[in-house]
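Encoded as structure tokens, the structure appears first; notes follow it.
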Amino acid sequence: MGKIMSNDPKMCYAALKLIEQLYKDGHIPVYMYRNILNDYAEIVDLSKFTVAKEENECTK
């Protein structure tokens, strides 16, 4: 999977919101969604995103 090609916070936020919707719709697993968010933690405020706890915490 590729990276978001911009460091513009507004563009990254918009792209991450689309990825969040993929997660909510069940198209990507929680660990993948969490990893993507962590990649952009320095650019975007992650408090605006929903992340459920993983059922099996050993898979981190």
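Following the order of the structure tokens, first chain is A, next is B, and so on, with residues numbered from 1 inside each chain and ligands from 1 in the order they appear.
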
query: So which residues touch segment 27-44 of chain A within 8 Å, counting only C-alpha atoms, skipping near sequence neighbours fewer than 5 positions away, as a ChimeraX atom specification?
result: /A:7-9,12-13,16,19-20,22,51-52,54,60

- request: Would you return as a PyMOL selection string the members of segment 10-45 of chain A that DSSP assigns to helix (DSSP H, G or I) on this structure's backbone?
  value: chain A and resi 10-24+30-39
